[in-house]
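Asks: To start, I am sharing the structure in question, which I have written as structure tokens.
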Amino acid sequence: MAHQTAWDQHPEPLTVTSAPAPEYGSGSLADLLPTLAAGLGVPGMSAAISELTPADRNCVFLIDGLGWEQLRAHPEDAPFMTSLLATSRGGTGRPLTAGYPATTATSLASVGTGLPPGMHGLPGYTVRNPDTGELMNQLRWQPWTPPGPWQPYPTVFQLAHEAGVHAAQVSSPTFENTPLTRVALSGGTFLGRLTGEDRMDLAAEQLAAGDRSLVYTYFAEVDGAGHRFGVDSDTWRGQLMYADRLVQRLAEQLPPRSALYVTADHGMIDVPFDEEHRIDFDEDWELSAGVALLGGEGRARHVYAVPGAAGDVLTCWREVLGEQFWVASRDEAIAAGWFGPKIDERVYGRIGDVVAAARDDVLLIASEREPKESAMVGNHGSMTPAEQLVPLLEVRS
């Protein structure tokens, strides 16, 4: 598919504005549910993704970790989804952008709230809580933080439910009462099912349960296999094959007047295990000088400086990493639109004094602080096509 965009290029030098910021407002994950809800007549929602045609019953199936580039690279393992590539983004054959950073907590919040990270306030894997000064892991919600003040906006599911739309989430029972589910995906009915097949069958039933329906379902194992074994491993391919069968199972059960959208929260990239590709913050005195907290993840770092050191940290990080990372100050990253067109006041201090997004196949690990994350084969978070672009495959009945 010969679709050349800025995503396929590596601009030089790595100026902040050369990073391909997500398509907030027209083609990002945050635009999906508002577009579907607008088609269902939910007040206050607008159809930001202009290519999509309204349907009475809408199902979003999110496959964690299945990026656009990874799907296109494995047609033999995902024949059904491959057959749907031309349907992506309303038949344009184009992907969506995940949003920055391209990581699960941020993307799920963008999907569920219909807001970019600068507004929903989950702008990274780990970010500083300005009220406590501690790092907050937004995926695991550790240390525990009151969910409502952290993300105060209603979800699209809540707004749809209030408007009389049948809203439901079908996922693992593990996620039913988590703070992340509460702030990102609550509203209507949560239905927990352990197996992928049961989720697909129940999602189809929930679609049929209302004249107007908005249903969400989820599969995590593609992401897990990529982190542990890499995105071209036999294990990863096996999970992709299974996910493909689940998509087909759901597609074949769609009730009348339905639209199924298959998407993902981010893609993934494998990073070799050597010093050239894995820079260890915990062993680098230059990068650690003046840094109070290291947040984010290996390809999308939030760097919090000790008071008065932000300028020096920015200068040092640009000198050391500037050929491989887009390195920006907080205000530069905000001005460049990395986190969306608007930043809420409560979110401003959660963003690093310095923000570093990898362009090349590199990681900034922290072997002592983050031993598990530093050992992962597959990684994500930044704005490269492999991480940022996600499918929006469509099946209609």
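Residues are referred to by chain and number: the chain letter is A, B, ... according to the order shown in the structure tokens, the number counts from 1 in that chain, and ligands are numbered separately from 1 in the order shown.
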Determine, counting only C-alpha atoms, which protein, DNA and RNA residues have an atom within 9 Å of an atom of A:Gly311; residues of the same chain fewer than 6 positions away are not included. Present the result as a PyMOL selection string.
Replies: chain A and resi 305+329+353-354
Asks: From a DSSP pass on the backbone, collect the residues of stretch 138-190 of chain A flagged as helix (DSSP H, G or I) and hand them back as JSON, numbers by chain.
Replies: {"A": [147, 148, 149, 150, 156, 157, 158, 159, 160, 161, 162, 173, 174, 175, 179, 180, 181, 182, 183, 184]}
Asks: Find, counting only C-alpha atoms, the residue in A:Arg72, A:Asp31, A:Gly93, A:Phe219 that gets nearest to A:Arg245.
Replies: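 Using only C-alpha atoms, the shortest distance to A:Arg245 belongs to A:Phe219.
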Asks: Skipping near chain neighbours, those fewer than 3 positions away, what residues fall within 6 Å of stretch 379-385 of chain A using only C-alpha atoms, listed as a PyMOL selection string?
Replies: chain A and resi 7+101-103+268-269+299-300+357-358+388-389
Asks: Excluding stretch 162-175 of chain A and its own-chain neighbours fewer than 5 positions away, which residues fall within 6 Å of it when counting only C-alpha atoms? Please give them as a list in words.
Replies: Val42, Phe157, Gly188, Thr189, Phe190, Leu191, Gly192, Arg193, Leu194, Arg199, Gly210, Arg212, Ser213, Leu214, Val215, Tyr216, Thr217 and Tyr218 of chain A
Asks: List every residue of stretch 115-180 of chain A that DSSP, applied to the backbone, labels as strand (DSSP E or B), and write the result as a ChimeraX atom specification.
Replies: /A:126-128,135-137,142,166-171
Asks: Atoms to include: all heavy atoms. Write the selected residues as a short mmCIF file (atom, residue, chain, number, x, y, z; two decimals), in the first residue's frame.
Replies:
```cif
data_model
loop_
_atom_site.label_atom_id
_atom_site.label_comp_id
_atom_site.auth_asym_id
_atom_site.auth_seq_id
_atom_site.Cartn_x
_atom_site.Cartn_y
_atom_site.Cartn_z
N THR A 126 4.46 6.21 33.63
CA THR A 126 4.61 6.77 34.97
C THR A 126 4.83 8.27 34.85
O THR A 126 5.60 8.72 34.00
CB THR A 126 5.78 6.14 35.75
OG1 THR A 126 7.00 6.38 35.04
CG2 THR A 126 5.59 4.64 35.94
N VAL A 127 4.14 9.02 35.69
CA VAL A 127 4.29 10.49 35.69
C VAL A 127 4.32 10.97 37.13
O VAL A 127 3.87 10.28 38.05
CB VAL A 127 3.14 11.19 34.93
CG1 VAL A 127 3.12 10.76 33.47
CG2 VAL A 127 1.79 10.94 35.59
N ARG A 128 4.84 12.16 37.32
CA ARG A 128 4.89 12.74 38.66
C ARG A 128 3.52 13.25 39.07
O ARG A 128 2.82 13.91 38.30
CB ARG A 128 5.89 13.89 38.70
CG ARG A 128 6.04 14.51 40.10
CD ARG A 128 7.04 15.64 40.10
NE ARG A 128 6.63 16.73 39.21
CZ ARG A 128 7.38 17.79 38.94
NH1 ARG A 128 8.59 17.89 39.45
NH2 ARG A 128 6.94 18.73 38.13
N LEU A 135 6.29 9.46 41.80
CA LEU A 135 5.93 8.90 40.51
C LEU A 135 4.66 8.07 40.66
O LEU A 135 4.54 7.27 41.58
CB LEU A 135 7.05 8.01 39.97
CG LEU A 135 8.20 8.67 39.22
CD1 LEU A 135 9.17 7.60 38.74
CD2 LEU A 135 7.72 9.51 38.05
N MET A 136 3.74 8.25 39.72
CA MET A 136 2.47 7.52 39.73
C MET A 136 2.42 6.62 38.50
O MET A 136 2.57 7.09 37.37
CB MET A 136 1.33 8.54 39.70
CG MET A 136 0.02 8.07 39.13
SD MET A 136 -0.84 6.88 40.10
CE MET A 136 -2.46 7.00 39.31
N ASN A 137 2.31 5.31 38.72
CA ASN A 137 2.16 4.36 37.62
C ASN A 137 0.69 4.32 37.24
O ASN A 137 -0.15 3.83 38.00
CB ASN A 137 2.66 2.98 38.04
CG ASN A 137 2.66 1.99 36.88
OD1 ASN A 137 1.67 1.83 36.19
ND2 ASN A 137 3.79 1.32 36.67
N GLN A 142 -0.39 2.81 40.95
CA GLN A 142 0.43 2.74 42.15
C GLN A 142 1.37 3.93 42.23
O GLN A 142 2.01 4.25 41.22
CB GLN A 142 1.25 1.44 42.15
CG GLN A 142 0.41 0.19 42.22
CD GLN A 142 1.24 -1.06 42.02
OE1 GLN A 142 2.38 -1.02 41.57
NE2 GLN A 142 0.67 -2.20 42.36
N HIS A 166 -27.53 1.84 24.62
CA HIS A 166 -27.09 0.67 25.38
C HIS A 166 -25.56 0.60 25.32
O HIS A 166 -24.98 0.36 24.26
CB HIS A 166 -27.69 -0.61 24.79
CG HIS A 166 -27.25 -1.85 25.52
ND1 HIS A 166 -27.65 -2.15 26.79
CD2 HIS A 166 -26.41 -2.85 25.14
CE1 HIS A 166 -27.10 -3.29 27.18
NE2 HIS A 166 -26.33 -3.74 26.19
N ALA A 167 -24.92 0.84 26.46
CA ALA A 167 -23.45 0.88 26.53
C ALA A 167 -22.96 -0.29 27.36
O ALA A 167 -23.50 -0.59 28.43
CB ALA A 167 -22.98 2.19 27.13
N ALA A 168 -21.90 -0.96 26.87
CA ALA A 168 -21.37 -2.12 27.58
C ALA A 168 -19.90 -2.29 27.27
O ALA A 168 -19.43 -1.97 26.18
CB ALA A 168 -22.14 -3.39 27.20
N GLN A 169 -19.17 -2.82 28.27
CA GLN A 169 -17.78 -3.23 28.08
C GLN A 169 -17.69 -4.72 28.39
O GLN A 169 -18.17 -5.17 29.43
CB GLN A 169 -16.84 -2.46 29.00
CG GLN A 169 -16.92 -0.94 28.85
CD GLN A 169 -18.01 -0.34 29.70
OE1 GLN A 169 -18.28 -0.81 30.80
NE2 GLN A 169 -18.66 0.69 29.20
N VAL A 170 -17.05 -5.47 27.49
CA VAL A 170 -16.87 -6.91 27.66
C VAL A 170 -15.37 -7.17 27.68
O VAL A 170 -14.68 -7.02 26.68
CB VAL A 170 -17.54 -7.71 26.52
CG1 VAL A 170 -17.39 -9.21 26.79
CG2 VAL A 170 -19.01 -7.33 26.38
N SER A 171 -14.84 -7.53 28.84
CA SER A 171 -13.40 -7.66 28.99
C SER A 171 -13.09 -8.72 30.05
O SER A 171 -13.98 -9.46 30.50
CB SER A 171 -12.80 -6.31 29.37
OG SER A 171 -11.39 -6.31 29.30
#
```
Asks: Report as number ranges by chain all protein, DNA and RNA residues lying within 8 Å of A:Gln239, evaluated on only C-alpha atoms, omitting residues in the same chain fewer than 5 positions from it.
Replies: A: 221-222, 225
Asks: Quick one: residues within 9 Å of A:Pro272, only C-alpha atoms, excluding same-chain residues fewer than 2 positions away - as a PyMOL selection string?
Replies: chain A and resi 270+274-278+361-362+377
Asks: With all heavy atoms retained, write the just-selected residues as a compact mmCIF listing (two decimals), in the first residue's frame.
Replies:
```
# COMPACT_ATOMS: atom_id res chain seq x y z
N ASP A 270 10.90 -4.02 18.37
CA ASP A 270 11.90 -4.79 19.10
C ASP A 270 13.20 -4.00 19.17
O ASP A 270 13.62 -3.39 18.17
CB ASP A 270 12.16 -6.13 18.41
CG ASP A 270 10.98 -7.08 18.49
OD1 ASP A 270 10.04 -6.79 19.25
OD2 ASP A 270 10.99 -8.11 17.79
N ASP A 274 21.93 -4.61 23.49
CA ASP A 274 23.34 -4.23 23.52
C ASP A 274 23.42 -2.77 23.94
O ASP A 274 22.42 -2.06 23.98
CB ASP A 274 24.02 -4.47 22.17
CG ASP A 274 23.35 -3.74 21.02
OD1 ASP A 274 23.09 -2.53 21.15
OD2 ASP A 274 23.07 -4.37 19.99
N GLU A 275 24.62 -2.34 24.29
CA GLU A 275 24.80 -0.99 24.82
C GLU A 275 24.50 0.09 23.79
O GLU A 275 24.15 1.22 24.16
CB GLU A 275 26.23 -0.83 25.34
CG GLU A 275 26.53 -1.67 26.57
CD GLU A 275 27.93 -1.44 27.11
OE1 GLU A 275 28.66 -0.62 26.51
OE2 GLU A 275 28.29 -2.06 28.14
N GLU A 276 24.63 -0.24 22.52
CA GLU A 276 24.35 0.75 21.49
C GLU A 276 22.86 1.07 21.43
O GLU A 276 22.48 2.23 21.18
CB GLU A 276 24.82 0.21 20.13
CG GLU A 276 24.55 1.16 18.97
CD GLU A 276 24.97 0.58 17.64
OE1 GLU A 276 25.64 -0.48 17.62
OE2 GLU A 276 24.63 1.17 16.60
N HIS A 277 22.02 0.06 21.64
CA HIS A 277 20.59 0.25 21.51
C HIS A 277 19.88 0.46 22.84
O HIS A 277 18.73 0.90 22.86
CB HIS A 277 19.97 -0.94 20.79
CG HIS A 277 20.38 -1.07 19.37
ND1 HIS A 277 21.51 -1.79 18.99
CD2 HIS A 277 19.86 -0.56 18.22
CE1 HIS A 277 21.63 -1.73 17.67
NE2 HIS A 277 20.66 -0.99 17.19
N ARG A 278 20.52 0.09 23.94
CA ARG A 278 19.92 0.24 25.27
C ARG A 278 20.84 1.07 26.16
O ARG A 278 21.85 0.58 26.65
CB ARG A 278 19.64 -1.14 25.89
CG ARG A 278 18.54 -1.88 25.14
CD ARG A 278 18.28 -3.28 25.69
NE ARG A 278 17.22 -3.91 24.91
CZ ARG A 278 16.01 -4.21 25.38
NH1 ARG A 278 15.73 -3.97 26.65
NH2 ARG A 278 15.10 -4.75 24.58
N ASP A 361 15.93 2.97 16.83
CA ASP A 361 15.64 1.71 17.53
C ASP A 361 16.45 1.64 18.82
O ASP A 361 17.33 0.80 18.99
CB ASP A 361 15.98 0.52 16.63
CG ASP A 361 15.15 0.49 15.36
OD1 ASP A 361 14.22 1.32 15.24
OD2 ASP A 361 15.42 -0.35 14.50
N VAL A 362 16.12 2.54 19.74
CA VAL A 362 16.88 2.65 20.99
C VAL A 362 15.92 2.72 22.16
O VAL A 362 14.74 3.07 22.02
CB VAL A 362 17.80 3.88 20.99
CG1 VAL A 362 18.90 3.74 19.95
CG2 VAL A 362 16.99 5.16 20.75
N VAL A 377 11.66 -7.26 25.46
CA VAL A 377 12.14 -7.31 24.07
C VAL A 377 11.41 -6.26 23.22
O VAL A 377 12.02 -5.42 22.57
CB VAL A 377 11.93 -8.72 23.47
CG1 VAL A 377 12.43 -8.76 22.02
CG2 VAL A 377 12.62 -9.77 24.32
```
Asks: Would you mind reading off the distance between atom CA of A:Pro371 and atom CA of A:Arg301, one decimal, in Å?
Replies: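 Separation between atom CA of A:Pro371 and atom CA of A:Arg301: 15.9 Å.
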Asks: Would you work out the distance separating atom CA of A:Lys372 from atom CA of A:Leu71, expressed in Å to one decimal?
Replies: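 Distance reported for this atom pair: 26.3 Å.
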Asks: Quick one: of A:Ala335, A:Val111, A:Ala220, A:Val60, who's nearest to A:Ala203, counting only C-alpha atoms?
Replies: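 Looking at the shortest contact to A:Ala203, the residue is A:Val60.
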Asks: Which residues, written as a list in words, have at least one atom at most 12 Å from A:Ser233, with only C-alpha atoms counted and residues fewer than 3 positions away on the same chain left out?
Replies: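 Contacts, with the query itself left out: Gln70, His74, Asp77, Val222, Gly224, Ala225, Gly226, His227, Arg228, Phe229, Gly230, Trp236, Arg237, Gly238, Gln239, Leu240, Asp270, Val377 and Gly378 of chain A.
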Asks: Once you count only C-alpha atoms, what closest atom pair and distance in Å to one decimal does each residue of stretch 228-307 of chain A within 8 Å of stretch 365-368 of chain A have, with rows by chain and rising residue number, as JSON lines?
Replies:
```
{"residue": "A:Arg278", "atom": "CA", "partner": "A:Ile365", "partner_atom": "CA", "distance": 6.3}
{"residue": "A:Ile279", "atom": "CA", "partner": "A:Ile365", "partner_atom": "CA", "distance": 6.0}
{"residue": "A:Asp280", "atom": "CA", "partner": "A:Ile365", "partner_atom": "CA", "distance": 4.9}
{"residue": "A:Phe281", "atom": "CA", "partner": "A:Ala366", "partner_atom": "CA", "distance": 5.1}
{"residue": "A:Asp282", "atom": "CA", "partner": "A:Ala366", "partner_atom": "CA", "distance": 5.3}
{"residue": "A:Glu297", "atom": "CA", "partner": "A:Ile365", "partner_atom": "CA", "distance": 7.7}
{"residue": "A:Gly298", "atom": "CA", "partner": "A:Ile365", "partner_atom": "CA", "distance": 5.2}
```
Asks: Would you export the selected residues with N, CA, C and O atoms as a compact mmCIF listing (two decimals), in the first residue's frame, please?
Replies:
```
# COMPACT_ATOMS: atom_id res chain seq x y z
N ARG A 278 20.52 0.09 23.94
CA ARG A 278 19.92 0.24 25.27
C ARG A 278 20.84 1.07 26.16
O ARG A 278 21.85 0.58 26.65
N ILE A 279 20.49 2.32 26.32
CA ILE A 279 21.27 3.26 27.12
C ILE A 279 20.74 3.19 28.55
O ILE A 279 19.54 3.38 28.78
N ASP A 280 21.61 2.93 29.50
CA ASP A 280 21.18 2.71 30.88
C ASP A 280 21.30 4.00 31.69
O ASP A 280 22.40 4.42 32.05
N PHE A 281 20.18 4.61 31.99
CA PHE A 281 20.16 5.84 32.79
C PHE A 281 20.83 5.64 34.14
O PHE A 281 21.53 6.53 34.63
N ASP A 282 20.63 4.47 34.73
CA ASP A 282 21.17 4.23 36.07
C ASP A 282 22.69 4.11 36.09
O ASP A 282 23.29 4.12 37.17
N GLU A 297 8.61 5.72 30.07
CA GLU A 297 9.15 4.40 29.77
C GLU A 297 10.29 4.57 28.77
O GLU A 297 10.59 5.68 28.35
N GLY A 298 10.91 3.46 28.37
CA GLY A 298 12.17 3.52 27.65
C GLY A 298 12.19 4.32 26.37
O GLY A 298 13.21 4.88 26.00
```
Asks: For atom CA of A:Leu33 and atom CA of A:Asp198, determine how far apart the two atoms are, in Å to one decimal place.
Replies: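 Between atom CA of A:Leu33 and atom CA of A:Asp198 the gap is 23.5 Å.
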